[in-house]
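Note: the block below is protein30.txt and it holds compact mmCIF, C-alpha atoms and all ligand atoms.
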```txt
# COMPACT_ATOMS: atom_id res chain seq x y z
CA MET A 1 55.75 -97.46 -47.29
CA HIS A 2 55.37 -101.00 -48.45
CA VAL A 3 57.01 -101.33 -51.80
CA SER A 4 55.14 -104.11 -53.42
CA ASN A 5 57.02 -106.71 -55.37
CA VAL A 6 54.67 -106.06 -58.25
CA PRO A 7 56.78 -104.20 -60.84
CA ALA A 8 55.25 -100.86 -61.83
CA THR A 9 56.46 -101.22 -65.37
CA SER A 10 57.54 -104.17 -67.41
CA THR A 11 59.03 -104.17 -70.87
CA PRO A 12 56.26 -103.59 -73.41
CA SER A 13 55.51 -106.78 -75.25
CA ALA A 14 56.52 -107.11 -78.90
CA THR A 15 52.88 -107.45 -79.86
CA VAL A 16 52.18 -103.73 -79.99
CA SER A 17 49.77 -102.93 -82.81
CA ALA A 18 50.61 -100.45 -85.59
CA ALA A 19 48.62 -97.78 -83.76
CA GLY A 20 51.14 -98.09 -80.94
CA MET A 21 48.54 -99.72 -78.72
CA PRO A 22 49.01 -103.23 -77.37
CA ALA A 23 47.30 -106.05 -79.21
CA ASP A 24 44.24 -107.46 -77.48
CA GLU A 25 45.17 -111.05 -76.82
CA ALA A 26 45.81 -112.03 -73.22
CA ARG A 27 49.17 -110.53 -72.19
CA HIS A 28 50.94 -110.43 -68.82
CA THR A 29 53.40 -107.65 -69.61
CA TRP A 30 51.19 -104.57 -69.46
CA THR A 31 52.99 -101.37 -68.52
CA THR A 32 51.32 -98.61 -66.51
CA GLU A 33 51.86 -96.29 -69.49
CA GLU A 34 49.90 -98.62 -71.78
CA ILE A 35 47.10 -99.01 -69.22
CA GLU A 36 46.84 -95.28 -68.56
CA ALA A 37 46.70 -94.73 -72.35
CA LEU A 38 43.64 -97.02 -72.42
CA PHE A 39 41.99 -95.02 -69.63
CA GLU A 40 42.75 -91.80 -71.57
CA LEU A 41 41.11 -92.99 -74.81
CA PRO A 42 37.96 -91.11 -75.87
CA PHE A 43 35.09 -92.89 -74.05
CA ASN A 44 33.47 -94.18 -77.26
CA ASP A 45 36.78 -95.60 -78.52
CA LEU A 46 37.53 -97.31 -75.21
CA LEU A 47 34.09 -98.91 -75.03
CA TYR A 48 34.20 -99.96 -78.69
CA ARG A 49 37.59 -101.59 -78.09
CA ALA A 50 36.43 -103.33 -74.92
CA ALA A 51 33.19 -104.55 -76.51
CA THR A 52 35.16 -105.89 -79.50
CA VAL A 53 37.51 -107.83 -77.20
CA HIS A 54 34.57 -109.02 -75.12
CA ARG A 55 32.64 -110.60 -77.96
CA LYS A 56 35.76 -112.34 -79.24
CA HIS A 57 35.71 -114.47 -76.08
CA PHE A 58 32.17 -114.39 -74.70
CA ASP A 59 28.52 -114.24 -75.75
CA PRO A 60 27.92 -110.52 -75.05
CA ASN A 61 24.32 -111.23 -74.05
CA ARG A 62 25.09 -113.72 -71.31
CA VAL A 63 25.83 -112.75 -67.69
CA GLN A 64 27.07 -115.16 -65.02
CA VAL A 65 24.86 -114.74 -61.91
CA SER A 66 26.15 -115.38 -58.39
CA ARG A 67 24.60 -115.03 -54.96
CA LEU A 68 26.71 -113.74 -52.06
CA LEU A 69 25.83 -114.65 -48.45
CA SER A 70 27.52 -113.37 -45.31
CA ILE A 71 28.09 -116.48 -43.17
CA LYS A 72 29.63 -114.54 -40.27
CA THR A 73 28.89 -110.83 -39.93
CA GLY A 74 30.67 -107.99 -38.09
CA ARG A 75 33.31 -107.89 -35.37
CA CYS A 76 36.14 -108.17 -37.89
CA PRO A 77 39.61 -107.42 -36.49
CA GLU A 78 40.80 -105.87 -39.78
CA ASP A 79 40.50 -102.12 -40.36
CA CYS A 80 39.48 -101.89 -44.04
CA LYS A 81 38.35 -98.28 -44.23
CA TYR A 82 35.41 -99.04 -46.50
CA CYS A 83 33.97 -101.87 -44.46
CA SER A 84 30.92 -101.77 -42.19
CA GLN A 85 32.03 -105.06 -40.62
CA SER A 86 35.30 -103.82 -39.17
CA ALA A 87 35.34 -103.77 -35.36
CA HIS A 88 37.44 -100.61 -35.62
CA TYR A 89 34.49 -98.42 -36.64
CA GLY A 90 31.17 -97.59 -35.00
CA THR A 91 28.81 -98.82 -37.70
CA ASP A 92 25.28 -100.07 -37.18
CA VAL A 93 25.92 -103.44 -38.75
CA GLU A 94 24.03 -106.32 -37.13
CA LYS A 95 26.59 -108.80 -35.80
CA GLU A 96 25.95 -112.47 -36.48
CA ASP A 97 27.97 -115.50 -35.39
CA LEU A 98 28.95 -118.18 -37.88
CA ALA A 99 25.76 -119.46 -39.52
CA GLU A 100 24.44 -123.02 -39.19
CA VAL A 101 25.18 -125.25 -42.17
CA GLU A 102 21.46 -125.87 -42.73
CA THR A 103 20.77 -122.12 -42.88
CA VAL A 104 23.44 -121.67 -45.53
CA LEU A 105 22.19 -124.61 -47.58
CA ALA A 106 18.64 -123.24 -47.51
CA ALA A 107 19.95 -119.91 -48.83
CA ALA A 108 21.91 -121.73 -51.53
CA LYS A 109 18.81 -123.65 -52.65
CA ALA A 110 16.86 -120.37 -52.90
CA ALA A 111 19.71 -118.79 -54.85
CA LYS A 112 19.67 -121.66 -57.33
CA GLU A 113 15.91 -121.37 -57.77
CA SER A 114 16.31 -117.66 -58.55
CA GLY A 115 18.80 -118.37 -61.35
CA ALA A 116 22.18 -118.18 -59.62
CA THR A 117 24.79 -120.68 -60.81
CA ARG A 118 27.39 -119.81 -58.18
CA PHE A 119 27.00 -119.41 -54.41
CA CYS A 120 29.57 -117.29 -52.54
CA MET A 121 30.08 -117.53 -48.77
CA ALA A 122 31.88 -114.59 -47.15
CA ALA A 123 32.99 -114.20 -43.56
CA ALA A 124 34.17 -111.14 -41.64
CA TRP A 125 37.46 -112.68 -40.53
CA ARG A 126 41.14 -111.89 -40.84
CA GLY A 127 41.32 -115.58 -41.64
CA PRO A 128 39.35 -118.68 -40.53
CA ALA A 129 40.14 -120.11 -37.07
CA ALA A 130 40.50 -123.90 -36.87
CA ARG A 131 37.22 -124.39 -34.96
CA ASP A 132 35.28 -122.52 -37.66
CA PHE A 133 37.17 -123.88 -40.65
CA ASN A 134 35.76 -127.42 -40.49
CA HIS A 135 32.27 -125.96 -40.18
CA VAL A 136 32.85 -124.00 -43.40
CA LEU A 137 34.10 -127.13 -45.15
CA ARG A 138 30.72 -128.77 -44.41
CA MET A 139 29.00 -125.75 -45.96
CA VAL A 140 31.12 -126.02 -49.11
CA GLU A 141 30.40 -129.76 -49.44
CA GLY A 142 26.66 -129.13 -49.02
CA VAL A 143 26.48 -126.30 -51.55
CA LYS A 144 28.51 -128.30 -54.06
CA ALA A 145 26.08 -131.21 -53.65
CA LEU A 146 23.28 -128.86 -54.73
CA GLY A 147 24.93 -128.56 -58.16
CA LEU A 148 26.04 -124.96 -57.67
CA GLU A 149 29.54 -123.60 -58.28
CA THR A 150 31.01 -122.77 -54.88
CA CYS A 151 32.96 -119.70 -53.80
CA ALA A 152 34.31 -118.67 -50.41
CA SER A 153 35.82 -115.43 -49.12
CA LEU A 154 37.23 -116.08 -45.65
CA GLY A 155 40.23 -113.72 -45.51
CA LEU A 156 43.86 -114.85 -45.33
CA LEU A 157 44.56 -118.57 -45.86
CA ASP A 158 47.59 -120.84 -45.47
CA GLY A 159 48.44 -123.52 -48.04
CA ASP A 160 46.89 -126.35 -46.06
CA GLN A 161 43.56 -124.51 -45.68
CA ALA A 162 43.48 -123.79 -49.42
CA HIS A 163 44.01 -127.48 -50.23
CA LYS A 164 41.32 -128.55 -47.75
CA LEU A 165 38.84 -126.12 -49.37
CA LYS A 166 39.68 -127.60 -52.77
CA ASP A 167 39.17 -131.14 -51.45
CA ALA A 168 35.79 -130.10 -50.02
CA GLY A 169 34.65 -129.07 -53.50
CA LEU A 170 35.37 -125.35 -53.54
CA ASP A 171 35.58 -123.91 -57.06
CA TYR A 172 36.50 -120.22 -56.46
CA TYR A 173 38.22 -118.30 -53.68
CA ASN A 174 37.54 -114.55 -53.48
CA HIS A 175 40.37 -112.43 -52.12
CA ASN A 176 40.28 -108.86 -53.45
CA ILE A 177 43.37 -106.64 -53.63
CA ASP A 178 40.97 -103.67 -53.58
CA THR A 179 43.38 -101.00 -54.89
CA SER A 180 46.97 -100.37 -56.03
CA PRO A 181 49.96 -101.69 -54.06
CA GLU A 182 50.92 -98.06 -53.39
CA LYS A 183 47.55 -96.99 -51.96
CA TYR A 184 46.85 -100.21 -50.08
CA GLU A 185 48.14 -99.15 -46.67
CA GLU A 186 46.07 -95.94 -46.84
CA VAL A 187 42.98 -98.16 -46.96
CA ILE A 188 44.03 -101.08 -44.74
CA THR A 189 46.77 -101.09 -42.09
CA THR A 190 46.13 -104.41 -40.29
CA ARG A 191 47.53 -106.45 -43.18
CA THR A 192 49.72 -105.81 -46.20
CA PHE A 193 49.28 -106.07 -49.95
CA GLU A 194 51.85 -108.87 -49.82
CA ASN A 195 49.69 -110.78 -47.31
CA ARG A 196 46.90 -110.65 -49.89
CA MET A 197 49.15 -111.79 -52.74
CA GLU A 198 50.50 -114.66 -50.59
CA THR A 199 46.98 -116.01 -50.01
CA ILE A 200 46.26 -115.75 -53.74
CA GLY A 201 49.41 -117.82 -54.30
CA HIS A 202 48.17 -120.53 -51.90
CA VAL A 203 44.77 -120.50 -53.63
CA ARG A 204 46.43 -120.94 -57.04
CA ASP A 205 48.72 -123.70 -55.76
CA ALA A 206 45.71 -125.60 -54.43
CA GLY A 207 44.15 -125.60 -57.90
CA LEU A 208 41.28 -123.29 -56.95
CA LYS A 209 39.98 -120.62 -59.32
CA VAL A 210 40.77 -117.07 -58.19
CA CYS A 211 38.20 -114.31 -57.76
CA CYS A 212 40.13 -111.10 -57.21
CA GLY A 213 39.35 -107.47 -57.95
CA GLY A 214 38.86 -104.22 -56.13
CA ILE A 215 37.00 -101.03 -55.43
CA VAL A 216 36.54 -97.82 -57.42
CA GLY A 217 35.55 -94.64 -55.61
CA MET A 218 37.78 -94.61 -52.53
CA GLY A 219 39.41 -91.30 -53.57
CA GLU A 220 42.02 -93.19 -55.59
CA GLN A 221 43.73 -91.72 -58.65
CA GLN A 222 43.58 -93.16 -62.14
CA ILE A 223 47.13 -94.49 -61.64
CA ASP A 224 45.84 -96.52 -58.67
CA ARG A 225 43.12 -98.10 -60.81
CA ALA A 226 45.73 -98.77 -63.49
CA ARG A 227 48.15 -100.36 -60.98
CA MET A 228 45.39 -102.48 -59.46
CA LEU A 229 44.38 -103.82 -62.88
CA GLN A 230 48.02 -104.19 -63.90
CA THR A 231 48.68 -106.34 -60.80
CA LEU A 232 45.79 -108.62 -61.76
CA ALA A 233 46.47 -108.80 -65.52
CA ASN A 234 50.20 -109.40 -65.10
CA MET A 235 49.73 -112.34 -62.73
CA GLU A 236 51.08 -115.56 -64.21
CA MET A 237 47.43 -116.69 -64.29
CA PRO A 238 45.07 -113.69 -64.02
CA PRO A 239 41.95 -114.22 -61.87
CA GLU A 240 39.16 -116.16 -63.59
CA SER A 241 36.76 -113.73 -61.93
CA VAL A 242 37.47 -110.01 -61.45
CA PRO A 243 34.93 -108.18 -59.24
CA ILE A 244 34.92 -104.42 -59.77
CA ASN A 245 33.08 -102.81 -56.83
CA LEU A 246 31.78 -99.26 -56.69
CA LEU A 247 32.40 -98.03 -53.13
CA ILE A 248 29.27 -98.25 -51.02
CA LYS A 249 29.71 -95.44 -48.48
CA MET A 250 28.97 -97.16 -45.18
CA LYS A 251 27.96 -94.79 -42.33
CA GLY A 252 30.53 -94.75 -39.54
CA THR A 253 33.44 -95.90 -41.69
CA PRO A 254 36.31 -93.50 -42.63
CA LEU A 255 35.13 -93.62 -46.26
CA GLY A 256 31.47 -93.12 -45.33
CA ASP A 257 31.16 -89.61 -46.69
CA ILE A 258 33.81 -89.04 -49.34
CA PRO A 259 32.93 -87.28 -52.63
CA ASP A 260 31.20 -89.33 -55.35
CA THR A 261 33.22 -90.78 -58.18
CA ASP A 262 32.46 -89.89 -61.79
CA PRO A 263 30.37 -92.85 -63.07
CA PHE A 264 32.36 -92.73 -66.30
CA ASP A 265 35.54 -93.52 -64.30
CA PHE A 266 33.83 -96.67 -63.04
CA ILE A 267 32.70 -97.71 -66.53
CA ARG A 268 36.20 -97.01 -67.87
CA THR A 269 37.62 -99.33 -65.20
CA ILE A 270 35.27 -102.12 -66.34
CA ALA A 271 36.30 -101.54 -69.97
CA VAL A 272 40.04 -101.52 -69.21
CA ALA A 273 39.68 -104.64 -67.05
CA ARG A 274 37.99 -106.34 -70.03
CA ILE A 275 40.81 -105.40 -72.43
CA LEU A 276 43.57 -106.45 -70.01
CA MET A 277 41.91 -109.74 -69.03
CA PRO A 278 39.98 -110.80 -72.14
CA THR A 279 39.10 -114.30 -70.93
CA SER A 280 38.22 -113.48 -67.31
CA HIS A 281 34.70 -112.85 -66.07
CA VAL A 282 34.53 -109.18 -65.10
CA ARG A 283 31.94 -108.82 -62.34
CA LEU A 284 29.73 -105.81 -61.80
CA SER A 285 29.82 -106.19 -58.00
CA ALA A 286 28.99 -103.90 -55.07
CA GLY A 287 27.35 -100.53 -55.62
CA ARG A 288 24.64 -101.37 -58.17
CA MET A 289 21.97 -99.73 -55.98
CA ALA A 290 23.63 -96.40 -56.77
CA MET A 291 23.82 -97.13 -60.49
CA SER A 292 21.13 -96.25 -63.02
CA ASP A 293 19.90 -98.95 -65.39
CA GLU A 294 21.71 -97.05 -68.14
CA MET A 295 25.00 -97.13 -66.24
CA GLN A 296 24.68 -100.86 -65.68
CA ALA A 297 23.83 -101.35 -69.36
CA MET A 298 27.01 -99.49 -70.35
CA CYS A 299 29.01 -101.72 -68.00
CA PHE A 300 27.60 -104.83 -69.67
CA PHE A 301 28.44 -103.34 -73.07
CA ALA A 302 31.96 -102.55 -71.82
CA GLY A 303 32.49 -106.21 -70.94
CA ALA A 304 31.02 -106.84 -67.49
CA ASN A 305 29.59 -110.37 -67.70
CA SER A 306 29.01 -111.39 -64.11
CA MET A 307 27.02 -109.96 -61.21
CA PHE A 308 25.56 -110.67 -57.78
CA CYS A 309 21.81 -111.22 -57.58
CA GLY A 310 19.68 -110.99 -54.46
CA GLU A 311 18.66 -108.01 -52.39
CA ARG A 312 21.38 -108.33 -49.74
CA LEU A 313 25.04 -107.99 -50.50
CA LEU A 314 26.71 -108.84 -47.19
CA THR A 315 25.53 -105.85 -45.12
CA ALA A 316 24.34 -103.62 -47.96
CA GLY A 317 21.38 -103.49 -50.30
CA ASN A 318 21.38 -104.80 -53.86
CA PRO A 319 18.71 -104.70 -56.60
CA THR A 320 15.95 -107.29 -56.12
CA VAL A 321 15.81 -110.39 -58.31
CA ASP A 322 12.68 -108.97 -59.97
CA LYS A 323 14.42 -105.69 -60.76
CA ASP A 324 17.39 -107.54 -62.29
CA GLN A 325 15.11 -109.85 -64.27
CA SER A 326 13.29 -106.80 -65.65
CA LEU A 327 16.62 -105.15 -66.58
CA PHE A 328 17.80 -108.35 -68.27
CA GLY A 329 14.52 -108.51 -70.19
CA ARG A 330 14.80 -104.93 -71.39
CA LEU A 331 18.42 -105.51 -72.50
CA GLY A 332 17.96 -108.97 -74.00
CA LEU A 333 20.45 -110.44 -71.52
CA LYS A 334 20.24 -114.00 -70.17
CA PRO A 335 21.93 -115.66 -67.19
CA GLU A 336 24.88 -117.87 -68.15
CA GLY A 337 24.35 -121.58 -67.71
CA LEU A 338 20.57 -121.51 -67.92
N1 LIG A 401 36.46 -110.61 -45.07
C1 LIG A 401 36.75 -111.16 -46.37
C2 LIG A 401 37.76 -110.31 -47.09
O1 LIG A 401 37.88 -109.15 -46.71
O2 LIG A 401 38.38 -110.81 -48.03
C3 LIG A 401 35.47 -111.25 -47.22
C4 LIG A 401 34.48 -110.14 -47.06
S1 LIG A 401 33.95 -109.24 -48.48
C5 LIG A 401 33.71 -110.41 -49.77
C6 LIG A 401 35.33 -108.51 -48.99
C7 LIG A 401 35.24 -107.60 -50.19
O3 LIG A 401 33.99 -106.92 -50.40
C8 LIG A 401 36.26 -106.52 -49.97
O4 LIG A 401 37.56 -107.00 -50.34
C9 LIG A 401 35.76 -105.41 -50.86
O5 LIG A 401 36.33 -105.55 -52.16
C10 LIG A 401 34.25 -105.61 -50.94
N2 LIG A 401 33.59 -104.61 -50.10
C11 LIG A 401 33.41 -104.68 -48.77
N3 LIG A 401 32.81 -103.54 -48.32
C12 LIG A 401 32.61 -102.75 -49.42
C13 LIG A 401 32.04 -101.46 -49.63
N4 LIG A 401 31.55 -100.73 -48.60
N5 LIG A 401 31.99 -100.96 -50.89
C14 LIG A 401 32.47 -101.68 -51.93
N6 LIG A 401 33.04 -102.91 -51.80
C15 LIG A 401 33.11 -103.44 -50.56
FE1 LIG A 402 37.03 -107.63 -42.40
FE2 LIG A 402 36.77 -108.32 -44.94
FE3 LIG A 402 35.48 -106.15 -43.96
FE4 LIG A 402 38.11 -106.10 -44.27
S1 LIG A 402 36.57 -106.31 -45.91
S2 LIG A 402 36.99 -105.40 -42.45
S3 LIG A 402 38.69 -108.20 -43.80
S4 LIG A 402 35.12 -108.26 -43.39
```
Written as structure tokens, that's how I'd like the structure from this file.
Amino acid sequence: MHVSNVPATSTPSATVSAAGMPADEARHTWTTEEIEALFELPFNDLLYRAATVHRKHFDPNRVQVSRLLSIKTGRCPEDCKYCSQSAHYGTDVEKEDLAEVETVLAAAKAAKESGATRFCMAAAWRGPAARDFNHVLRMVEGVKALGLETCASLGLLDGDQAHKLKDAGLDYYNHNIDTSPEKYEEVITTRTFENRMETIGHVRDAGLKVCCGGIVGMGEQQIDRARMLQTLANMEMPPESVPINLLIKMKGTPLGDIPDTDPFDFIRTIAVARILMPTSHVRLSAGRMAMSDEMQAMCFFAGANSMFCGERLLTAGNPTVDKDQSLFGRLGLKPEGL
């Protein structure tokens, strides 16, 4: 069992409020006990607390909107149990080789026209091979030149690759830890939690912003959600962007037919992420097709202030731009940066 070098508990910080709960400013010394206590709060109290923290740092009616494009689809050598793109599972995902730069730039232009301010390029790789890497650098340069924020999610990186992405104009690198250090090898066996943390270190050292979060609904326990969020919040610099995905059950994958998760556990995870990382963007990521408008509205209230627009999310569906625009209208929300 991989024992992660992420300490399960750290000494509670001195700034514990009179009620015995930690104060809300950004801290990097959260203990699992404190985080579990947040999860255990009555739902209304947790959401009130998260919403209060949220509006101290953000306009609660603004949501950062990103578009995510798969630039290379399927035939991935990794065995992430949730993923339709893993070559280890018989899924019906349509395999696509690395896209042409022009194709990606056309998608980025369309994303910008539909209100996205960030364009994310994801590839089904363990990590980029040299021959593909330079091709991706051209994509990053082209998307940057369109005036969009750029994000890439290419798997494991070395330090030199991270610096080259930064030089090409990359703003964010997505590299999710997905779950707790303890549960990680139940979900993925072809790499370790430490591999993930090492890449995040290279990304940080290169001066890139970090997009790192995980998945709720893989049969994990509350302690796993707490340890995942603790790992993120206790980083020297927590991720600027924290995607919280609801598992999309992909047919043919080992997690394709596990029991549903209580929606309130998902909303609690958003709220706790908000409290632990008050100045990060918390992203309502995969799984929105399975969420009611009301559930999404509660996530925004609980501090989610980023999302993916566009009806394809890698190999899964996502609400259409029209549907999201109608939801924003009904809730009085506006895209950030517009
Ligand atoms: N291959 C790259 C990697 O794994 O980092 C990028 C691909 S994609 C951006 C990776 C992330 O999407 C995963 O880390 C996971 O958090 C999320 N994801 C993939 N499949 C999912 C599913 N079926 N349900 C929910 N989230 C999923
Ligand atoms: Fe590959 Fe990424 Fe899917 Fe894992 S999540 S199987 S690394 S594409």
Report as a Markdown table the residues of region 196-251 of chain A within 12 Å of region 85-101 of chain A, each with its shortest atom pair and distance in Å (one decimal), using only C-alpha atoms, ordered by chain and increasing residue number.
```
| residue | atom | partner | partner_atom | distance |
| --- | --- | --- | --- | --- |
| A:Lys249 | CA | A:Thr91 | CA | 11.3 |
| A:Met250 | CA | A:Thr91 | CA | 7.7 |
| A:Lys251 | CA | A:Thr91 | CA | 6.2 |
```
Written selection (C-alpha atoms) as a CSV table (one decimal), keeping the file's coordinate frame:
```csv
chain,number,residue,atom,x,y,z
A,249,LYS,CA,29.7,-95.4,-48.5
A,250,MET,CA,29.0,-97.2,-45.2
A,251,LYS,CA,28.0,-94.8,-42.3
```
Taking only residues of chain A that have an atom at most 7 Å from an atom of ligand LIG 401 (chain A), what is each one's shortest atom pair and its distance in Å to one decimal, using only C-alpha atoms and all ligand atoms, in chain and number order, as CSV?
```
residue,atom,partner,partner_atom,distance
A:Tyr82,CA,A:LIG401,N4,4.7
A:Cys83,CA,A:LIG401,N3,4.4
A:Ser84,CA,A:LIG401,N4,6.5
A:Ala122,CA,A:LIG401,C3,4.9
A:Ala123,CA,A:LIG401,N1,5.2
A:Ala124,CA,A:LIG401,N1,4.2
A:Trp125,CA,A:LIG401,N1,5.1
A:Arg126,CA,A:LIG401,N1,6.4
A:Ser153,CA,A:LIG401,C3,4.6
A:Leu154,CA,A:LIG401,C1,5.0
A:Gly155,CA,A:LIG401,O2,4.3
A:Asn174,CA,A:LIG401,O2,6.7
A:His175,CA,A:LIG401,O2,4.8
A:Asn176,CA,A:LIG401,O4,4.5
A:Ile177,CA,A:LIG401,O4,6.7
A:Asp178,CA,A:LIG401,O5,5.2
A:Gly213,CA,A:LIG401,O5,6.8
A:Gly214,CA,A:LIG401,O5,4.9
A:Ile215,CA,A:LIG401,O5,5.6
A:Asn245,CA,A:LIG401,N6,5.0
A:Leu246,CA,A:LIG401,C14,5.4
A:Leu247,CA,A:LIG401,N5,3.7
A:Ile248,CA,A:LIG401,N5,3.8
A:Lys249,CA,A:LIG401,N4,5.6
A:Met250,CA,A:LIG401,N4,5.6
A:Ala286,CA,A:LIG401,C14,5.2
A:Gly287,CA,A:LIG401,C14,6.4
```
Store the residues of this selection in a file with C-alpha atoms, as a tab-separated table (two decimals), keeping the file's coordinate frame.
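Result went into selection-v4.tsv, see below:
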```tsv
chain	number	residue	atom	x	y	z
A	82	TYR	CA	35.41	-99.04	-46.50
A	83	CYS	CA	33.97	-101.87	-44.46
A	84	SER	CA	30.92	-101.77	-42.19
A	122	ALA	CA	31.88	-114.59	-47.15
A	123	ALA	CA	32.99	-114.20	-43.56
A	124	ALA	CA	34.17	-111.14	-41.64
A	125	TRP	CA	37.46	-112.68	-40.53
A	126	ARG	CA	41.14	-111.89	-40.84
A	153	SER	CA	35.82	-115.43	-49.12
A	154	LEU	CA	37.23	-116.08	-45.65
A	155	GLY	CA	40.23	-113.72	-45.51
A	174	ASN	CA	37.54	-114.55	-53.48
A	175	HIS	CA	40.37	-112.43	-52.12
A	176	ASN	CA	40.28	-108.86	-53.45
A	177	ILE	CA	43.37	-106.64	-53.63
A	178	ASP	CA	40.97	-103.67	-53.58
A	213	GLY	CA	39.35	-107.47	-57.95
A	214	GLY	CA	38.86	-104.22	-56.13
A	215	ILE	CA	37.00	-101.03	-55.43
A	245	ASN	CA	33.08	-102.81	-56.83
A	246	LEU	CA	31.78	-99.26	-56.69
A	247	LEU	CA	32.40	-98.03	-53.13
A	248	ILE	CA	29.27	-98.25	-51.02
A	249	LYS	CA	29.71	-95.44	-48.48
A	250	MET	CA	28.97	-97.16	-45.18
A	286	ALA	CA	28.99	-103.90	-55.07
A	287	GLY	CA	27.35	-100.53	-55.62
```
Using only C-alpha atoms for the distances, tell me which of A:Arg49, A:Leu284, A:Leu229, A:Glu220 is nearest to Asp262 (chain A).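 Under the stated criterion, the closest residue is A:Glu220.
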Have a look at A:Leu105, A:Ala111, A:Leu38, A:Leu331 and name the one nearest to Val136 (chain A); count only C-alpha atoms.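 Between A:Leu105, A:Ala111, A:Leu38, A:Leu331, the residue approaching Val136 (chain A) most closely is A:Leu105.
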Of the candidates A:Gln221, A:Thr231, A:Ser70, A:Thr32, which shows the shortest atom-to-atom distance to ligand LIG 402 (chain A), using all atoms listed in the file? A:Ser70
Quick check, in Å to one decimal: how far apart do CA of Asp324 (chain A) and CA of Leu232 (chain A) lie?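 Interatomic distance, CA of Asp324 (chain A) to CA of Leu232 (chain A): 28.4 Å.
The residue that comes closest to Glu141 (chain A), out of A:Glu236, A:Asp158, A:Glu194, A:Asp171 and on the basis of all atoms listed in the file, is A:Asp171.
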Spatial neighbours of Ala302 (chain A), max dist 10 Å, all atoms listed in the file, sep filter under 2 positions, as a ChimeraX atom specification: /A:46-54,60,267-275,282,296-300,304-305
Provide the CA of Pro319 (chain A) to CA of Val187 (chain A) distance in Å, to one decimal place. 26.9 Å
Find the spatial neighbours of Lys183 (chain A), counting only C-alpha atoms, within a cut-off of 12 Å - ignore same-chain residues fewer than 5 positions away - and output them as number ranges by chain. A: 1-4, 177-178, 188-189, 192-193, 215, 218-228
Please identify all polymer residues within 9 Å of Leu338 (chain A), counting all atoms listed in the file, omitting same-chain residues fewer than 4 positions from it, and present them as a list in words. Gly115, Thr117 and Lys334 of chain A
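Of the listed residues A:Gly310, A:Gly159, A:Pro254, A:Pro42, the one whose atoms come nearest to ligand LIG 402 (chain A) is A:Pro254, with distances taken using all atoms listed in the file.
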Incomplete region 41-50 of chain A brought to N, CA, C and O atoms, written out as a compact mmCIF listing (two decimals), in the coordinates of the input:
```
# COMPACT_ATOMS: atom_id res chain seq x y z
N LEU A 41 41.77 -92.96 -73.49
CA LEU A 41 41.11 -92.99 -74.81
C LEU A 41 39.79 -92.25 -74.74
O LEU A 41 39.13 -92.24 -73.68
N PRO A 42 39.33 -91.65 -75.85
CA PRO A 42 37.96 -91.11 -75.87
C PRO A 42 36.99 -92.23 -75.45
O PRO A 42 37.19 -93.40 -75.82
N PHE A 43 35.98 -91.89 -74.66
CA PHE A 43 35.09 -92.89 -74.05
C PHE A 43 34.54 -93.86 -75.10
O PHE A 43 34.56 -95.08 -74.92
N ASN A 44 34.06 -93.30 -76.23
CA ASN A 44 33.47 -94.18 -77.26
C ASN A 44 34.51 -95.17 -77.79
O ASN A 44 34.21 -96.33 -78.05
N ASP A 45 35.74 -94.70 -77.99
CA ASP A 45 36.78 -95.60 -78.52
C ASP A 45 37.12 -96.69 -77.51
O ASP A 45 37.30 -97.86 -77.88
N LEU A 46 37.20 -96.32 -76.25
CA LEU A 46 37.53 -97.31 -75.21
C LEU A 46 36.44 -98.38 -75.15
O LEU A 46 36.71 -99.58 -75.15
N LEU A 47 35.18 -97.93 -75.14
CA LEU A 47 34.09 -98.91 -75.03
C LEU A 47 33.99 -99.77 -76.28
O LEU A 47 33.74 -100.98 -76.19
N TYR A 48 34.24 -99.18 -77.44
CA TYR A 48 34.20 -99.96 -78.69
C TYR A 48 35.29 -101.04 -78.65
O TYR A 48 35.04 -102.21 -78.96
N ARG A 49 36.47 -100.65 -78.17
CA ARG A 49 37.59 -101.59 -78.09
C ARG A 49 37.28 -102.72 -77.11
O ARG A 49 37.47 -103.90 -77.40
N ALA A 50 36.74 -102.33 -75.95
CA ALA A 50 36.43 -103.33 -74.92
C ALA A 50 35.33 -104.28 -75.40
O ALA A 50 35.43 -105.50 -75.25
```
